[in-house]
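Structure file query.csv; described as CSV, C-alpha atoms and all ligand atoms.
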```csv
chain,number,residue,atom,x,y,z
A,1,THR,CA,-13.2,-140.6,100.1
A,2,GLU,CA,-10.3,-143.1,100.1
A,3,LEU,CA,-9.0,-141.1,103.1
A,4,ARG,CA,-12.4,-141.2,104.8
A,5,LYS,CA,-12.6,-144.9,104.3
A,6,ARG,CA,-9.2,-145.2,106.1
A,7,LEU,CA,-10.5,-143.1,108.9
A,8,ILE,CA,-13.6,-145.2,109.2
A,9,GLU,CA,-11.5,-148.3,109.3
A,10,ALA,CA,-9.4,-146.9,112.1
A,11,PHE,CA,-12.4,-146.0,114.1
A,12,THR,CA,-13.9,-149.4,113.6
A,13,GLU,CA,-10.7,-151.1,114.8
A,14,ALA,CA,-10.4,-148.7,117.8
A,15,GLY,CA,-13.9,-149.8,119.0
A,16,ASP,CA,-14.6,-148.0,122.2
A,17,GLU,CA,-11.2,-146.2,122.4
A,18,TYR,CA,-10.8,-142.5,121.5
A,19,LEU,CA,-8.4,-141.7,118.6
A,20,SER,CA,-6.4,-138.5,118.8
A,21,GLY,CA,-6.3,-136.0,115.9
A,22,GLN,CA,-2.6,-136.7,115.6
A,23,HIS,CA,-3.0,-140.4,115.5
A,24,LEU,CA,-5.7,-140.1,112.8
A,25,ALA,CA,-3.5,-137.7,110.8
A,26,ASP,CA,-0.7,-140.3,110.9
A,27,ILE,CA,-3.0,-143.1,109.8
A,28,ALA,CA,-4.6,-141.1,107.0
A,29,GLY,CA,-1.3,-139.4,106.0
A,30,CYS,CA,-2.6,-135.9,106.1
A,31,SER,CA,-2.6,-132.9,108.4
A,32,ARG,CA,-4.7,-132.6,111.5
A,33,THR,CA,-6.7,-129.8,109.9
A,34,ALA,CA,-7.5,-132.1,107.1
A,35,VAL,CA,-8.6,-134.8,109.6
A,36,TRP,CA,-10.9,-132.3,111.2
A,37,LYS,CA,-12.4,-131.4,107.9
A,38,HIS,CA,-13.1,-135.0,107.0
A,39,ILE,CA,-14.7,-135.5,110.4
A,40,GLU,CA,-17.0,-132.6,109.6
A,41,GLU,CA,-17.8,-134.3,106.3
A,42,LEU,CA,-18.6,-137.6,108.0
A,43,ARG,CA,-20.8,-135.7,110.5
A,44,LYS,CA,-22.8,-134.3,107.6
A,45,GLU,CA,-23.2,-137.9,106.3
A,46,GLY,CA,-24.8,-138.9,109.5
A,47,PHE,CA,-21.9,-140.1,111.7
A,48,VAL,CA,-22.2,-138.9,115.3
A,49,PHE,CA,-18.8,-138.3,117.0
A,50,GLU,CA,-18.0,-137.8,120.6
A,51,ALA,CA,-15.0,-135.5,121.0
A,52,VAL,CA,-13.1,-135.4,124.3
A,53,LYS,CA,-10.4,-132.9,125.0
A,54,LYS,CA,-6.9,-134.5,125.1
A,55,LYS,CA,-8.3,-137.9,124.2
A,56,GLY,CA,-9.7,-137.4,120.7
A,57,TYR,CA,-12.6,-138.7,118.8
A,58,LYS,CA,-14.9,-141.7,118.9
A,59,ILE,CA,-17.8,-142.6,116.6
A,60,VAL,CA,-20.9,-143.2,118.7
A,61,LYS,CA,-23.3,-143.7,115.9
A,62,ALA,CA,-23.0,-144.6,112.2
A,63,PRO,CA,-25.6,-143.3,109.7
A,64,GLU,CA,-28.7,-145.3,109.5
A,65,LYS,CA,-30.1,-145.8,106.1
A,66,VAL,CA,-33.7,-146.0,105.1
A,67,THR,CA,-33.6,-149.2,103.2
A,68,PRO,CA,-36.6,-151.5,102.9
A,69,ASP,CA,-35.0,-153.8,105.5
A,70,GLU,CA,-34.7,-151.2,108.1
A,71,ILE,CA,-38.2,-149.9,107.5
A,72,GLY,CA,-39.7,-153.3,107.2
A,73,PHE,CA,-38.4,-154.6,110.5
A,74,GLY,CA,-41.2,-154.2,113.0
A,75,LEU,CA,-43.5,-152.3,110.6
A,76,LYS,CA,-47.1,-152.4,111.8
A,77,SER,CA,-49.1,-150.9,108.9
A,78,GLU,CA,-51.2,-153.0,106.6
A,79,PHE,CA,-50.5,-151.4,103.2
A,80,ILE,CA,-48.7,-148.1,103.5
A,81,GLY,CA,-45.0,-148.9,103.3
A,82,ARG,CA,-45.5,-152.6,102.5
A,83,HIS,CA,-43.9,-152.0,99.1
A,84,ILE,CA,-40.8,-149.8,99.4
A,85,HIS,CA,-38.7,-148.6,96.5
A,86,TYR,CA,-35.4,-147.3,98.0
A,87,GLU,CA,-32.6,-145.5,96.3
A,88,GLU,CA,-29.5,-143.9,97.8
A,89,LYS,CA,-29.6,-140.8,95.7
A,90,VAL,CA,-32.3,-139.5,93.3
A,91,GLU,CA,-33.3,-136.2,91.7
A,92,SER,CA,-36.7,-136.4,93.3
A,93,THR,CA,-38.7,-139.2,94.8
A,94,GLN,CA,-41.8,-137.6,93.3
A,95,LYS,CA,-40.5,-138.2,89.8
A,96,ILE,CA,-39.9,-141.9,90.5
A,97,ALA,CA,-43.2,-142.3,92.2
A,98,HIS,CA,-45.0,-140.8,89.2
A,99,ARG,CA,-43.3,-143.3,87.0
A,100,LEU,CA,-44.1,-146.3,89.3
A,101,ALA,CA,-47.7,-145.1,89.6
A,102,THR,CA,-48.0,-145.1,85.8
A,103,GLU,CA,-46.6,-148.6,85.7
A,104,GLY,CA,-49.2,-149.8,88.1
A,105,ALA,CA,-47.6,-149.6,91.6
A,106,VAL,CA,-50.0,-150.8,94.3
A,107,ASN,CA,-51.8,-148.7,96.8
A,108,GLY,CA,-49.4,-147.7,99.6
A,109,THR,CA,-46.2,-148.0,97.7
A,110,VAL,CA,-43.5,-145.8,99.1
A,111,VAL,CA,-40.5,-144.3,97.3
A,112,VAL,CA,-37.7,-143.2,99.6
A,113,ALA,CA,-34.2,-141.9,99.1
A,114,ASP,CA,-31.3,-141.0,101.4
A,115,GLU,CA,-30.6,-137.9,99.3
A,116,GLN,CA,-32.3,-135.8,96.7
A,117,THR,CA,-30.4,-133.7,94.2
A,118,SER,CA,-33.4,-131.7,93.0
A,119,GLY,CA,-36.1,-132.1,95.6
A,120,ARG,CA,-39.2,-130.2,94.6
A,121,GLY,CA,-41.5,-127.9,96.6
A,122,ARG,CA,-44.7,-126.3,95.3
A,123,MET,CA,-44.8,-124.0,92.4
A,124,ASP,CA,-41.4,-125.1,91.1
A,125,ARG,CA,-39.6,-124.2,94.3
A,126,SER,CA,-36.8,-126.4,95.5
A,127,TRP,CA,-36.6,-128.6,98.6
A,128,HIS,CA,-33.2,-129.0,100.2
A,129,SER,CA,-32.7,-132.7,100.8
A,130,PRO,CA,-29.2,-133.5,102.0
A,131,LYS,CA,-27.8,-137.0,102.5
A,132,PHE,CA,-28.9,-139.1,105.4
A,133,SER,CA,-30.3,-136.3,107.5
A,134,GLY,CA,-33.9,-136.2,106.5
A,135,ILE,CA,-36.9,-138.2,105.3
A,136,TRP,CA,-37.4,-137.7,101.6
A,137,MET,CA,-40.3,-139.9,100.5
A,138,SER,CA,-43.3,-140.1,98.2
A,139,ILE,CA,-46.3,-142.2,99.1
A,140,ILE,CA,-48.6,-143.5,96.3
A,141,LEU,CA,-52.3,-143.9,97.2
A,142,ARG,CA,-55.1,-144.9,95.0
A,143,PRO,CA,-58.3,-143.6,96.5
A,144,ASN,CA,-61.5,-143.9,94.6
A,145,LEU,CA,-62.3,-140.2,94.8
A,146,PRO,CA,-62.8,-137.2,92.4
A,147,PRO,CA,-59.8,-135.0,91.9
A,148,HIS,CA,-61.2,-132.0,93.7
A,149,GLN,CA,-61.0,-133.9,97.0
A,150,ALA,CA,-57.2,-134.2,96.7
A,151,PRO,CA,-56.3,-131.2,98.8
A,152,GLN,CA,-58.1,-132.9,101.8
A,153,LEU,CA,-55.5,-135.6,101.6
A,154,THR,CA,-52.7,-133.1,102.1
A,155,LEU,CA,-54.4,-132.1,105.3
A,156,VAL,CA,-54.9,-135.8,106.3
A,157,THR,CA,-51.2,-136.3,105.7
A,158,ALA,CA,-50.2,-133.2,107.8
A,159,VAL,CA,-52.2,-134.5,110.8
A,160,ALA,CA,-50.5,-138.0,110.5
A,161,VAL,CA,-47.1,-136.5,110.3
A,162,VAL,CA,-47.7,-134.2,113.3
A,163,GLN,CA,-49.0,-137.1,115.4
A,164,ALA,CA,-46.0,-139.3,114.4
A,165,ILE,CA,-43.5,-136.5,115.3
A,166,GLU,CA,-45.3,-136.0,118.6
A,167,GLU,CA,-45.2,-139.7,119.4
A,168,VAL,CA,-41.5,-140.2,118.4
A,169,THR,CA,-40.0,-137.0,119.7
A,170,GLY,CA,-42.3,-135.5,122.3
A,171,LEU,CA,-42.2,-132.2,120.4
A,172,ASN,CA,-45.4,-130.3,119.6
A,173,PRO,CA,-45.5,-129.4,116.0
A,174,GLN,CA,-48.1,-127.1,114.4
A,175,ILE,CA,-49.6,-127.0,111.0
A,176,LYS,CA,-49.6,-123.9,108.8
A,177,TRP,CA,-52.2,-124.2,106.1
A,178,PRO,CA,-52.0,-126.0,103.9
A,179,ASN,CA,-48.9,-128.0,104.0
A,180,ASP,CA,-46.2,-126.8,106.3
A,181,ILE,CA,-45.4,-128.3,109.7
A,182,LEU,CA,-43.6,-126.0,112.0
A,183,ILE,CA,-41.8,-126.3,115.3
A,184,ASP,CA,-41.2,-123.0,117.2
A,185,GLY,CA,-42.3,-121.2,114.1
A,186,ARG,CA,-39.8,-122.9,111.8
A,187,LYS,CA,-40.4,-125.3,109.0
A,188,THR,CA,-39.5,-128.9,109.6
A,189,THR,CA,-41.7,-130.5,107.1
A,190,GLY,CA,-43.2,-129.8,103.7
A,191,ILE,CA,-45.8,-131.8,101.9
A,192,LEU,CA,-46.4,-131.8,98.2
A,193,THR,CA,-49.4,-133.6,96.7
A,194,GLU,CA,-49.6,-134.4,93.0
A,195,LEU,CA,-52.2,-136.2,91.0
A,196,GLN,CA,-52.6,-138.6,88.2
A,197,ALA,CA,-56.3,-138.2,87.4
A,198,ASP,CA,-58.9,-137.7,84.8
A,199,ALA,CA,-61.8,-135.3,85.1
A,200,ASP,CA,-63.8,-137.3,87.5
A,201,ARG,CA,-61.5,-139.9,89.1
A,202,ILE,CA,-58.1,-140.0,90.8
A,203,HIS,CA,-55.8,-142.7,89.5
A,204,ALA,CA,-53.1,-142.1,91.9
A,205,ILE,CA,-52.2,-139.4,94.4
A,206,ILE,CA,-48.5,-139.0,95.1
A,207,ILE,CA,-47.8,-137.5,98.4
A,208,GLY,CA,-44.3,-136.1,98.8
A,209,ILE,CA,-43.1,-135.6,102.4
A,210,GLY,CA,-39.9,-134.0,103.3
A,211,ILE,CA,-38.9,-133.9,106.9
A,212,ASN,CA,-35.7,-132.3,108.3
A,213,VAL,CA,-34.7,-134.9,110.9
A,214,ASN,CA,-31.0,-134.9,112.0
A,215,GLN,CA,-29.5,-131.7,110.6
A,216,SER,CA,-27.9,-129.4,113.1
A,217,GLN,CA,-29.1,-125.8,112.8
A,218,GLU,CA,-25.8,-124.8,111.2
A,219,ASP,CA,-26.2,-127.4,108.4
A,220,PHE,CA,-29.0,-125.4,106.7
A,221,PRO,CA,-27.9,-123.3,103.7
A,222,GLU,CA,-28.0,-119.6,104.1
A,223,GLU,CA,-31.3,-119.1,102.2
A,224,ILE,CA,-33.4,-121.2,104.6
A,225,ALA,CA,-31.3,-121.0,107.8
A,226,ARG,CA,-33.7,-118.7,109.5
A,227,ILE,CA,-36.9,-120.3,108.5
A,228,ALA,CA,-36.0,-124.0,108.8
A,229,THR,CA,-35.4,-126.3,111.7
A,230,SER,CA,-34.9,-130.1,112.2
A,231,LEU,CA,-36.2,-132.5,114.8
A,232,LEU,CA,-32.7,-132.8,116.2
A,233,ALA,CA,-32.2,-129.0,116.4
A,234,ALA,CA,-35.6,-128.7,118.1
A,235,SER,CA,-35.4,-131.6,120.5
A,236,GLY,CA,-31.6,-132.0,121.0
A,237,LYS,CA,-31.9,-135.7,120.2
A,238,THR,CA,-31.2,-137.6,117.0
A,239,VAL,CA,-34.2,-139.4,115.7
A,240,SER,CA,-34.3,-142.7,113.9
A,241,ARG,CA,-35.6,-142.0,110.4
A,242,ALA,CA,-36.8,-145.5,109.9
A,243,SER,CA,-38.8,-145.5,113.2
A,244,LEU,CA,-40.4,-142.2,112.3
A,245,MET,CA,-41.4,-143.4,108.9
A,246,GLN,CA,-43.0,-146.5,110.5
A,247,GLU,CA,-45.0,-144.3,112.8
A,248,ILE,CA,-46.1,-142.1,109.9
A,249,PHE,CA,-47.2,-145.1,107.9
A,250,VAL,CA,-49.3,-146.4,110.8
A,251,ARG,CA,-50.9,-143.0,111.6
A,252,LEU,CA,-51.5,-142.1,107.9
A,253,GLU,CA,-53.1,-145.5,107.2
A,254,LYS,CA,-55.5,-145.1,110.1
A,255,LEU,CA,-56.5,-141.5,109.3
A,256,TYR,CA,-56.7,-142.3,105.6
A,257,LEU,CA,-59.2,-145.1,106.3
A,258,THR,CA,-61.1,-142.9,108.7
A,259,TYR,CA,-61.3,-140.3,105.9
A,260,LEU,CA,-62.5,-142.8,103.3
A,261,ASN,CA,-65.1,-144.3,105.6
A,262,HIS,CA,-66.3,-141.2,107.5
A,263,GLY,CA,-65.4,-138.3,105.4
A,264,PHE,CA,-63.4,-135.2,106.2
A,265,GLN,CA,-65.2,-134.0,109.3
A,266,PRO,CA,-63.2,-136.0,111.9
A,267,ILE,CA,-60.0,-135.1,110.2
A,268,LYS,CA,-61.0,-131.5,110.1
A,269,LEU,CA,-61.4,-131.4,113.9
A,270,LEU,CA,-58.0,-132.9,114.4
A,271,TRP,CA,-56.4,-130.6,111.8
A,272,GLU,CA,-57.8,-127.6,113.5
A,273,SER,CA,-56.5,-128.7,116.8
A,274,TYR,CA,-53.0,-128.5,115.4
A,275,ALA,CA,-53.4,-125.4,113.3
A,276,LEU,CA,-51.1,-122.5,113.9
A,277,SER,CA,-52.8,-119.6,112.4
A,278,LEU,CA,-56.5,-120.0,113.3
A,279,GLY,CA,-57.9,-116.9,114.9
A,280,LYS,CA,-54.9,-114.9,113.9
A,281,GLU,CA,-54.4,-112.1,111.4
A,282,ILE,CA,-52.8,-113.4,108.3
A,283,ILE,CA,-51.9,-112.5,104.8
A,284,ALA,CA,-52.6,-115.1,102.1
A,285,ARG,CA,-50.4,-114.6,99.1
A,286,THR,CA,-52.3,-116.0,96.1
A,287,VAL,CA,-51.5,-115.8,92.4
A,288,ALA,CA,-54.4,-113.4,92.2
A,289,GLY,CA,-53.0,-111.1,94.9
A,290,ASP,CA,-53.0,-110.8,98.7
A,291,ILE,CA,-55.9,-111.5,100.9
A,292,LYS,CA,-55.7,-110.0,104.4
A,293,GLY,CA,-57.8,-110.9,107.4
A,294,LYS,CA,-58.4,-113.3,110.2
A,295,ALA,CA,-58.0,-117.0,109.6
A,296,LEU,CA,-61.4,-118.5,110.7
A,297,GLY,CA,-60.8,-122.2,109.9
A,298,ILE,CA,-61.2,-124.6,107.0
A,299,THR,CA,-64.3,-125.6,105.2
A,300,ASP,CA,-65.5,-129.2,104.9
A,301,GLU,CA,-63.5,-129.3,101.7
A,302,GLY,CA,-60.3,-128.2,103.4
A,303,VAL,CA,-60.4,-124.7,102.0
A,304,LEU,CA,-59.2,-121.9,104.1
A,305,LYS,CA,-61.7,-119.2,105.3
A,306,ILE,CA,-60.5,-115.7,105.9
A,307,LEU,CA,-62.6,-112.9,107.4
A,308,GLN,CA,-61.6,-109.6,105.7
A,309,GLU,CA,-61.8,-106.3,107.5
A,310,ASP,CA,-64.9,-105.4,105.4
A,311,GLY,CA,-66.7,-108.4,106.9
A,312,GLU,CA,-66.6,-110.5,103.8
A,313,VAL,CA,-65.4,-114.1,104.2
A,314,ARG,CA,-63.1,-115.3,101.4
A,315,HIS,CA,-62.3,-118.9,100.5
A,316,VAL,CA,-58.7,-119.5,99.7
A,317,TYR,CA,-57.8,-122.6,97.7
A,318,SER,CA,-54.1,-122.1,97.3
A,319,ALA,CA,-51.7,-119.6,98.8
A,320,ASP,CA,-48.7,-119.0,101.0
A,321,ILE,CA,-49.7,-117.8,104.4
A,322,HIS,CA,-47.8,-115.1,106.3
A,323,LEU,CA,-48.7,-114.1,109.9
A,324,GLY,CA,-49.9,-110.5,109.9
A,325,GLU,CA,-49.1,-107.8,112.4
A,401,LIG,P1,-43.1,-125.4,99.6
A,401,LIG,O1,-43.1,-124.8,98.2
A,401,LIG,O2,-44.2,-125.1,100.5
A,401,LIG,O3,-41.7,-125.0,100.3
A,401,LIG,C1,-40.5,-124.8,99.5
A,401,LIG,C2,-39.8,-123.6,100.2
A,401,LIG,O4,-39.4,-124.0,101.5
A,401,LIG,C3,-38.5,-123.2,99.5
A,401,LIG,O5,-38.8,-122.2,98.6
A,401,LIG,C4,-37.6,-122.8,100.6
A,401,LIG,O6,-37.9,-121.4,101.0
A,401,LIG,C5,-38.1,-123.6,101.8
A,401,LIG,N1,-37.3,-124.8,102.0
A,401,LIG,C6,-36.6,-125.5,101.0
A,401,LIG,N2,-36.0,-126.6,101.6
A,401,LIG,C7,-36.3,-126.6,102.9
A,401,LIG,C8,-36.1,-127.5,104.0
A,401,LIG,N3,-35.3,-128.6,103.8
A,401,LIG,N4,-36.6,-127.2,105.2
A,401,LIG,C9,-37.3,-126.1,105.4
A,401,LIG,N5,-37.6,-125.2,104.4
A,401,LIG,C10,-37.1,-125.5,103.1
A,401,LIG,C11,-43.0,-127.8,100.4
A,401,LIG,O7,-43.0,-126.9,99.3
A,401,LIG,C12,-43.1,-129.2,99.9
A,401,LIG,C13,-41.8,-130.0,99.9
A,401,LIG,C14,-41.9,-131.4,99.6
A,401,LIG,C15,-40.6,-132.1,99.6
A,401,LIG,C16,-40.8,-133.6,99.4
A,401,LIG,S1,-39.3,-134.5,99.7
A,401,LIG,C17,-39.9,-135.9,99.0
A,401,LIG,C18,-40.7,-135.5,97.8
A,401,LIG,N6,-39.8,-135.4,96.6
A,401,LIG,C19,-39.7,-134.1,96.2
A,401,LIG,O8,-39.1,-133.8,95.2
A,401,LIG,N7,-40.5,-133.3,96.9
A,401,LIG,C20,-41.2,-134.0,98.0
```
Transcribe the structure of this file into structure tokens.
Amino acid sequence: TELRKRLIEAFTEAGDEYLSGQHLADIAGCSRTAVWKHIEELRKEGFVFEAVKKKGYKIVKAPEKVTPDEIGFGLKSEFIGRHIHYEEKVESTQKIAHRLATEGAVNGTVVVADEQTSGRGRMDRSWHSPKFSGIWMSIILRPNLPPHQAPQLTLVTAVAVVQAIEEVTGLNPQIKWPNDILIDGRKTTGILTELQADADRIHAIIIGIGINVNQSQEDFPEEIARIATSLLAASGKTVSRASLMQEIFVRLEKLYLTYLNHGFQPIKLLWESYALSLGKEIIARTVAGDIKGKALGITDEGVLKILQEDGEVRHVYSADIHLGE
């Protein structure tokens, strides 16, 4: 890291000039191969380089962080994102949000980190959350609702994230019930909703959102390389994480209020317009076994309806969806 610091200083001094590999090696006191490796490391941290043959390297963009200042500047929402708890590196933003919610965090509080070391998915799965390249955040909301309505809020969130991605990148993401957002069939976003509630009232809902933003396709680890993508990989453009977060806060706030004031119906229509698997043959893997059939839509509660071959319509509350043949 001392060496990388020296490289960064050299690039800073060079300003708009390119620095050759040899020159950098001299400054850092290492081999050119080592320089190249360090440049790769810096790239993973969010630096964007321009490399020109015979001239060398130049930094065209330094990593942007997602600190409260960056997010607060120009923010147009009223309550979502008005209180931001930022950390560079955490195990999981969900964990922190749960603690803050217990301690009385206000409606709309957001916990965000530049890196998660043990990001969580559903059912104890893990969520890969490398430094600087994604949005890893948890939003605390305090709706006055019974706990059984919580799954609807996952769907509200999915619509908000899709709209924000569309607005900021021009891409057309689709939703796979209940909580995946896909681009070209690959997962770019996962949503995890958790509750603090008693039998008839939600105290806090903690909505975890993980979005792959600026990873290159090669950056994904082997296990998810074929199922995952990022906004950069899909659009060819780096995306400002802070701007995307702002857009999500504004959209989510609007849809959340629509939902509280007018119920799930208007959200349902929007959700269905973005849904990937409606009308298709799917297999829903549930804890009680597979359900196979045609995805018909969602109920007013946000529950998935599947038409089986025998004509029976099954309601699925929780499952992983696979597209059938
Ligand atoms: P999920 O259970 O639907 O998806 C988890 C599965 O997705 C993993 O088993 C793996 O196959 C795949 N996967 C893991 N990481 C990635 C990734 N970066 N991109 C694409 N696919 C991946 C989805 O759970 C809910 C994820 C919520 C993550 C947020 S991040 C902020 C907050 N904090 C936290 O710990 N979790 C949430």
(message) Measuring between all atoms listed in the file, which one of A:Lys292, A:Arg6, A:Arg251, A:Lys53 shows the shortest distance to Cys30 (chain A)?
(response)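 When distances to Cys30 (chain A) are compared using all atoms listed in the file, the smallest one comes from A:Arg6.
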(request) Return as a list in words the residues of protein, DNA or RNA that approach ligand LIG 401 (chain A) to within 6 Å, with all atoms listed in the file taken into account. (result)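 Based on all atoms listed in the file, ligand LIG 401 (chain A) is surrounded within 6 Å by Ser92, Thr93, Gln94, Gly119, Arg120, Gly121, Arg122, Arg125, Ser126, Trp127, His128, Ser129, Trp136, Met137, Ser138, Lys187, Thr188, Gly190, Ile191, Leu192, Gly208, Ile209, Gly210, Asn212, Ile224 and Ala228 of chain A.
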(request) Please measure the separation of CA of Glu281 (chain A) and CA of Gly324 (chain A), giving the value in Å to one decimal. (result) 5.0 Å
(request) Could you check how far CA of Leu307 (chain A) sits from CA of Lys294 (chain A), in Å to one decimal? (result)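 Value for the CA of Leu307 (chain A)-CA of Lys294 (chain A) distance: 5.1 Å.
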Could the residues of region 62-166 of chain A that have an atom at most 9 Å from region 180-186 of chain A be listed as a Markdown table, each with its closest atom pair and the distance in Å to one decimal, counting only C-alpha atoms and ordered by chain and ascending residue number?
```
| residue | atom | partner | partner_atom | distance |
| --- | --- | --- | --- | --- |
| A:Ala158 | CA | A:Ile181 | CA | 7.1 |
| A:Val161 | CA | A:Ile181 | CA | 8.4 |
| A:Val162 | CA | A:Ile181 | CA | 7.3 |
```
Can you pull out the residues contacting Ala284 (chain A)? Cut-off 10 Å, using all atoms listed in the file, and skip same-chain residues under 3 positions away; I want them as a short mmCIF file (atom, residue, chain, number, x, y, z; two decimals) with C-alpha atoms, in the frame of the given file.
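File written: part_28.cif
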```cif
data_model
loop_
_atom_site.label_atom_id
_atom_site.label_comp_id
_atom_site.auth_asym_id
_atom_site.auth_seq_id
_atom_site.Cartn_x
_atom_site.Cartn_y
_atom_site.Cartn_z
CA TRP A 177 -52.20 -124.20 106.10
CA GLU A 281 -54.40 -112.10 111.40
CA VAL A 287 -51.50 -115.80 92.40
CA GLY A 289 -53.00 -111.10 94.90
CA ASP A 290 -53.00 -110.80 98.70
CA ILE A 291 -55.90 -111.50 100.90
CA LYS A 292 -55.70 -110.00 104.40
CA GLY A 293 -57.80 -110.90 107.40
CA ALA A 295 -58.00 -117.00 109.60
CA LEU A 304 -59.20 -121.90 104.10
CA ILE A 306 -60.50 -115.70 105.90
CA VAL A 316 -58.70 -119.50 99.70
CA SER A 318 -54.10 -122.10 97.30
CA ALA A 319 -51.70 -119.60 98.80
CA ASP A 320 -48.70 -119.00 101.00
CA ILE A 321 -49.70 -117.80 104.40
CA HIS A 322 -47.80 -115.10 106.30
CA LEU A 323 -48.70 -114.10 109.90
CA GLY A 324 -49.90 -110.50 109.90
#
```
(request) Identify which of the residues A:Ile207, A:Ala34, A:Leu260, A:Val313 lies closest to Ile139 (chain A), counting all atoms listed in the file when measuring atom-to-atom distances. (result)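 Counting all atoms listed in the file, the residue closest to Ile139 (chain A) is A:Ile207.
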(request) Do a neighbour search on Phe249 (chain A) at 9 Å with all atoms listed in the file, toss out local chain neighbours closer than 3 positions, and write the hits as a ChimeraX atom specification. (result) /A:75-81,108,160-161,164,244-246,252-254
(message) Give me, as a list in words, all polymer residues having an atom no more than 9 Å from region 264-275 of chain A, counting all atoms listed in the file and skipping those fewer than 2 positions away in the same chain.
(response) Gln152, Leu155, Val156, Ala158, Val159, Val162, Asn172, Pro173, Gln174, Ile175, Lys176, Trp177, Leu255, Thr258, Tyr259, Leu260, His262, Ser277, Leu278, Gly297, Ile298, Thr299, Asp300, Glu301 and Gly302 of chain A
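Distances here use all atoms listed in the file; by that measure, the residue among A:Arg43, A:His203, A:Lys5, A:Lys37 closest to Val106 (chain A) is A:His203.
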(request) Can you work out which one of A:Ile59, A:Ala51, A:Leu296, A:Leu100 has the shortest atom-to-atom distance to Ala10 (chain A), counting all atoms listed in the file? (result)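 The closest residue to Ala10 (chain A) is A:Ile59.
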Find the residues near Val66 (chain A): any atom within 9 Å, counting only C-alpha atoms, skip ones fewer than 4 places away on the same chain, and give them as a CSV table (one decimal) with C-alpha atoms, in the frame of the given file.
```csv
chain,number,residue,atom,x,y,z
A,70,GLU,CA,-34.7,-151.2,108.1
A,71,ILE,CA,-38.2,-149.9,107.5
A,86,TYR,CA,-35.4,-147.3,98.0
A,87,GLU,CA,-32.6,-145.5,96.3
A,88,GLU,CA,-29.5,-143.9,97.8
A,112,VAL,CA,-37.7,-143.2,99.6
A,113,ALA,CA,-34.2,-141.9,99.1
A,114,ASP,CA,-31.3,-141.0,101.4
A,132,PHE,CA,-28.9,-139.1,105.4
A,135,ILE,CA,-36.9,-138.2,105.3
A,241,ARG,CA,-35.6,-142.0,110.4
A,242,ALA,CA,-36.8,-145.5,109.9
A,245,MET,CA,-41.4,-143.4,108.9
```
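Once Gly236 (chain A) and its same-chain neighbours fewer than 6 positions away are set aside, A:Thr169, A:Gly170, A:Leu171, A:Val213, A:Asn214, A:Gln215, A:Ser216, A:Gln217, A:Thr229, A:Ser230 remain within 12 Å of it when counting all atoms listed in the file.
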Repair of region 285-296 of chain A at the level of N, CA and C atoms, as a compact mmCIF listing (two decimals), in the coordinates of the input:
```
# COMPACT_ATOMS: atom_id res chain seq x y z
N ARG A 285 -50.91 -114.99 100.38
CA ARG A 285 -50.40 -114.60 99.10
C ARG A 285 -50.90 -115.56 98.03
N THR A 286 -51.82 -115.12 97.18
CA THR A 286 -52.30 -116.00 96.10
C THR A 286 -51.82 -115.49 94.78
N VAL A 287 -51.98 -116.31 93.74
CA VAL A 287 -51.50 -115.80 92.40
C VAL A 287 -52.35 -114.63 91.98
N ALA A 288 -53.56 -114.49 92.54
CA ALA A 288 -54.40 -113.40 92.20
C ALA A 288 -54.24 -112.18 93.11
N GLY A 289 -53.23 -112.22 93.97
CA GLY A 289 -53.00 -111.10 94.90
C GLY A 289 -53.15 -111.49 96.34
N ASP A 290 -52.92 -110.52 97.22
CA ASP A 290 -53.00 -110.80 98.70
C ASP A 290 -54.38 -110.72 99.22
N ILE A 291 -54.66 -111.60 100.15
CA ILE A 291 -55.90 -111.50 100.90
C ILE A 291 -55.55 -111.37 102.36
N LYS A 292 -56.09 -110.31 102.99
CA LYS A 292 -55.70 -110.00 104.40
C LYS A 292 -56.90 -110.20 105.28
N GLY A 293 -56.68 -110.78 106.43
CA GLY A 293 -57.80 -110.90 107.40
C GLY A 293 -57.50 -111.93 108.43
N LYS A 294 -58.59 -112.32 109.12
CA LYS A 294 -58.40 -113.30 110.20
C LYS A 294 -58.72 -114.69 109.70
N ALA A 295 -57.80 -115.63 109.99
CA ALA A 295 -58.00 -117.00 109.60
C ALA A 295 -59.10 -117.61 110.47
N LEU A 296 -60.22 -118.02 109.85
CA LEU A 296 -61.40 -118.50 110.70
C LEU A 296 -61.30 -120.03 110.85
```
